[in-house]
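Down below is the structure, laid out as structure tokens.
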Amino acid sequence: MSSTLLTGRLAKEHKTIVHMLQIYCQAHHQGQKNNGLCEACNQLAGYAEQKLDRCPYGDSKPDCARCPIHCYKPDERERARQAMRFAGPKMLWHHPIEAIIHLYDRKRPIPERPPKGASQQARRKQAQLDSTSE
Ligand SMILES: [Zn+2]
């Protein structure tokens with residue numbers, strides 16, 4: 001499942017999240033439907049996509065685990081954390097390039113709090129407004 005909504009770094013990040021959920025789901029839920037995800041994990045993948053789209057940092061988003069903004073609800077946060085913890089070490093085997101990019105991202109400093117409207121969702125809406133007002 002690749003995102004039809006997100007672009008650039010955030011689209012890549014979502015792809016990595018889906019791959020990690022697949023590894024976790026296949027080991028814990030025997031997930032087969034929806035590209036290897038059970039219903040609950042597929043829902044979590046959709047939730048993650050929505051959160052990435054609305055991430056106030058937009059393309060400068062830091063690694064989620066160290067982010068000062070807690071945008072996930074506690075239940076989703078816990079489920080995502082468990083899946084990432086399980087799948088993280090296995091990513092190097094299944095998706096080595098994504099795993100290395102992810103490790104590299106974890107070393108990036110947390111950026112300054114971004115200005116309002118930096119999320120991909122906000123910028124997409126602004127672009128729509130700009131194109132209709134001209
Ligand atoms: Zn699952």
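All residue names refer to the structure tokens as shown: chains lettered A, B, ... in order, residues numbered from 1 in each chain, ligands numbered from 1 in order.
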
Which residues come within 12 Å of Arg9 of chain A, counting only C-alpha atoms, excluding same-chain residues fewer than 4 positions away, as a list in words?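 The residues satisfying every condition are Ser3, Glu13, His14, Lys15, Thr16, Leu52, Asp53, Tyr57, Gly58, Asp59, Ser60, Lys61, Pro62, Asp63, Glu98, Ile101, His102, Asp105 and Gln120 of chain A.
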
Could you write out the selected residues, including C-alpha atoms, as a PDB file, in the first residue's frame?
```
ATOM      1  CA  SER A   3       0.142   6.595  -0.078  1.00  0.00           C
ATOM      2  CA  GLU A  13       8.301   7.366   5.573  1.00  0.00           C
ATOM      3  CA  HIS A  14       4.770   6.044   5.243  1.00  0.00           C
ATOM      4  CA  LYS A  15       5.996   3.256   2.980  1.00  0.00           C
ATOM      5  CA  THR A  16       8.520   2.282   5.645  1.00  0.00           C
ATOM      6  CA  LEU A  52       1.954  12.320   8.536  1.00  0.00           C
ATOM      7  CA  ASP A  53      -0.213  14.447   6.261  1.00  0.00           C
ATOM      8  CA  TYR A  57       6.668  19.917  10.739  1.00  0.00           C
ATOM      9  CA  GLY A  58       5.750  18.915   7.200  1.00  0.00           C
ATOM     10  CA  ASP A  59       8.822  17.856   5.242  1.00  0.00           C
ATOM     11  CA  SER A  60      11.173  18.744   8.092  1.00  0.00           C
ATOM     12  CA  LYS A  61       9.472  16.158  10.336  1.00  0.00           C
ATOM     13  CA  PRO A  62      11.787  14.643  12.953  1.00  0.00           C
ATOM     14  CA  ASP A  63      11.890  10.961  13.856  1.00  0.00           C
ATOM     15  CA  GLU A  98      14.738   1.879   4.034  1.00  0.00           C
ATOM     16  CA  ILE A 101      17.484   5.768   5.835  1.00  0.00           C
ATOM     17  CA  HIS A 102      15.390   5.299   8.961  1.00  0.00           C
ATOM     18  CA  ASP A 105      16.779   9.973  10.201  1.00  0.00           C
ATOM     19  CA  GLN A 120       1.604  18.710   3.707  1.00  0.00           C
TER      20      GLN A 120
END
```

How would you write, as a ChimeraX atom specification, the set of residues no farther than 12 Å from ligand 1 when counting only C-alpha atoms and all ligand atoms? /A:18-45,79-80,82-83

Could you give me the residues within segment 73-116 of chain A that DSSP places in helix (DSSP H, G or I), as a PyMOL selection string? chain A and resi 74-94+96-107

Taking N, CA and C atoms for each residue, export the selection above as a short mmCIF file (atom, residue, chain, number, x, y, z; two decimals), in the first residue's frame.
```cif
data_model
loop_
_atom_site.label_atom_id
_atom_site.label_comp_id
_atom_site.auth_asym_id
_atom_site.auth_seq_id
_atom_site.Cartn_x
_atom_site.Cartn_y
_atom_site.Cartn_z
N PRO A 74 -3.23 7.68 22.57
CA PRO A 74 -2.44 6.71 23.36
C PRO A 74 -2.51 5.28 22.83
N ASP A 75 -3.69 4.83 22.41
CA ASP A 75 -3.84 3.46 21.94
C ASP A 75 -3.05 3.22 20.65
N GLU A 76 -3.22 4.12 19.70
CA GLU A 76 -2.51 4.00 18.42
C GLU A 76 -1.00 4.13 18.65
N ARG A 77 -0.63 5.04 19.55
CA ARG A 77 0.78 5.25 19.84
C ARG A 77 1.43 3.97 20.37
N GLU A 78 0.72 3.30 21.28
CA GLU A 78 1.24 2.08 21.88
C GLU A 78 1.34 0.96 20.84
N ARG A 79 0.32 0.83 20.02
CA ARG A 79 0.35 -0.21 18.98
C ARG A 79 1.46 0.05 17.98
N ALA A 80 1.63 1.32 17.59
CA ALA A 80 2.69 1.65 16.63
C ALA A 80 4.05 1.38 17.27
N ARG A 81 4.20 1.74 18.52
CA ARG A 81 5.48 1.57 19.21
C ARG A 81 5.86 0.09 19.27
N GLN A 82 4.88 -0.75 19.61
CA GLN A 82 5.14 -2.20 19.67
C GLN A 82 5.55 -2.75 18.31
N ALA A 83 4.82 -2.33 17.28
CA ALA A 83 5.12 -2.83 15.93
C ALA A 83 6.51 -2.38 15.49
N MET A 84 6.85 -1.11 15.76
CA MET A 84 8.15 -0.58 15.33
C MET A 84 9.28 -1.27 16.09
N ARG A 85 9.04 -1.51 17.37
CA ARG A 85 10.08 -2.15 18.18
C ARG A 85 10.36 -3.57 17.67
N PHE A 86 9.29 -4.27 17.31
CA PHE A 86 9.44 -5.64 16.81
C PHE A 86 10.09 -5.65 15.42
N ALA A 87 9.57 -4.76 14.55
CA ALA A 87 9.98 -4.83 13.15
C ALA A 87 11.29 -4.11 12.87
N GLY A 88 11.64 -3.15 13.72
CA GLY A 88 12.84 -2.33 13.48
C GLY A 88 14.07 -3.16 13.13
N PRO A 89 14.49 -4.07 14.01
CA PRO A 89 15.71 -4.85 13.73
C PRO A 89 15.57 -5.73 12.50
N LYS A 90 14.34 -6.15 12.17
CA LYS A 90 14.13 -7.04 11.02
C LYS A 90 14.14 -6.30 9.69
N MET A 91 13.97 -4.98 9.76
CA MET A 91 13.94 -4.18 8.54
C MET A 91 15.26 -4.27 7.76
N LEU A 92 16.36 -4.39 8.48
CA LEU A 92 17.67 -4.44 7.84
C LEU A 92 17.75 -5.61 6.87
N TRP A 93 17.04 -6.67 7.20
CA TRP A 93 17.01 -7.86 6.36
C TRP A 93 16.00 -7.72 5.24
N HIS A 94 14.77 -7.25 5.58
CA HIS A 94 13.68 -7.21 4.59
C HIS A 94 13.79 -6.02 3.64
N PRO A 96 16.59 -3.30 3.40
CA PRO A 96 17.83 -2.70 3.94
C PRO A 96 17.98 -1.20 3.67
N ILE A 97 17.59 -0.75 2.49
CA ILE A 97 17.81 0.67 2.17
C ILE A 97 16.92 1.55 3.04
N GLU A 98 15.65 1.14 3.16
CA GLU A 98 14.74 1.88 4.03
C GLU A 98 15.22 1.86 5.48
N ALA A 99 15.75 0.73 5.90
CA ALA A 99 16.23 0.61 7.28
C ALA A 99 17.37 1.59 7.53
N ILE A 100 18.26 1.72 6.57
CA ILE A 100 19.41 2.61 6.73
C ILE A 100 18.96 4.07 6.73
N ILE A 101 18.02 4.40 5.85
CA ILE A 101 17.48 5.77 5.83
C ILE A 101 16.82 6.08 7.17
N HIS A 102 16.08 5.11 7.69
CA HIS A 102 15.39 5.30 8.96
C HIS A 102 16.40 5.53 10.10
N LEU A 103 17.47 4.74 10.11
CA LEU A 103 18.49 4.91 11.15
C LEU A 103 19.16 6.28 11.03
N TYR A 104 19.38 6.69 9.80
CA TYR A 104 19.98 7.99 9.56
C TYR A 104 19.05 9.11 10.06
N ASP A 105 17.76 8.98 9.76
CA ASP A 105 16.78 9.97 10.20
C ASP A 105 16.75 10.11 11.72
N ARG A 106 17.00 9.02 12.41
CA ARG A 106 16.97 9.06 13.87
C ARG A 106 18.09 9.91 14.44
N LYS A 107 19.12 10.13 13.62
CA LYS A 107 20.27 10.92 14.09
C LYS A 107 20.09 12.41 13.80
#
```

Interatomic distance, atom CA of Arg124 of chain A to atom CA of Pro68 of chain A (Å, one decimal): 24.1 Å

Go through A:Thr4, A:Glu49, A:Leu10, A:Arg54 one by one, measure the shortest atom-to-atom distance of each to Lys125 of chain A using only C-alpha atoms, and give the residue with the smallest value.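 Looking at the shortest contact to Lys125 of chain A, the residue is A:Arg54.
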
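Minimum atom-to-atom distances from A:His70, A:His95, A:Cys55, A:Ile17 to Arg123 of chain A were compared using only C-alpha atoms, and the lowest value belongs to A:Cys55.
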
Skip Pro56 of chain A itself and residues of its chain fewer than 4 positions away, then list as JSON, numbers by chain all residues within 7 Å of it, counting only C-alpha atoms. {"A": [114, 118, 119]}

Mind giving me the straight-line distance from atom CA of Pro111 of chain A to atom CA of Tyr47 of chain A in Å, one decimal?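 So the two atoms, atom CA of Pro111 of chain A and atom CA of Tyr47 of chain A, lie 23.5 Å apart.
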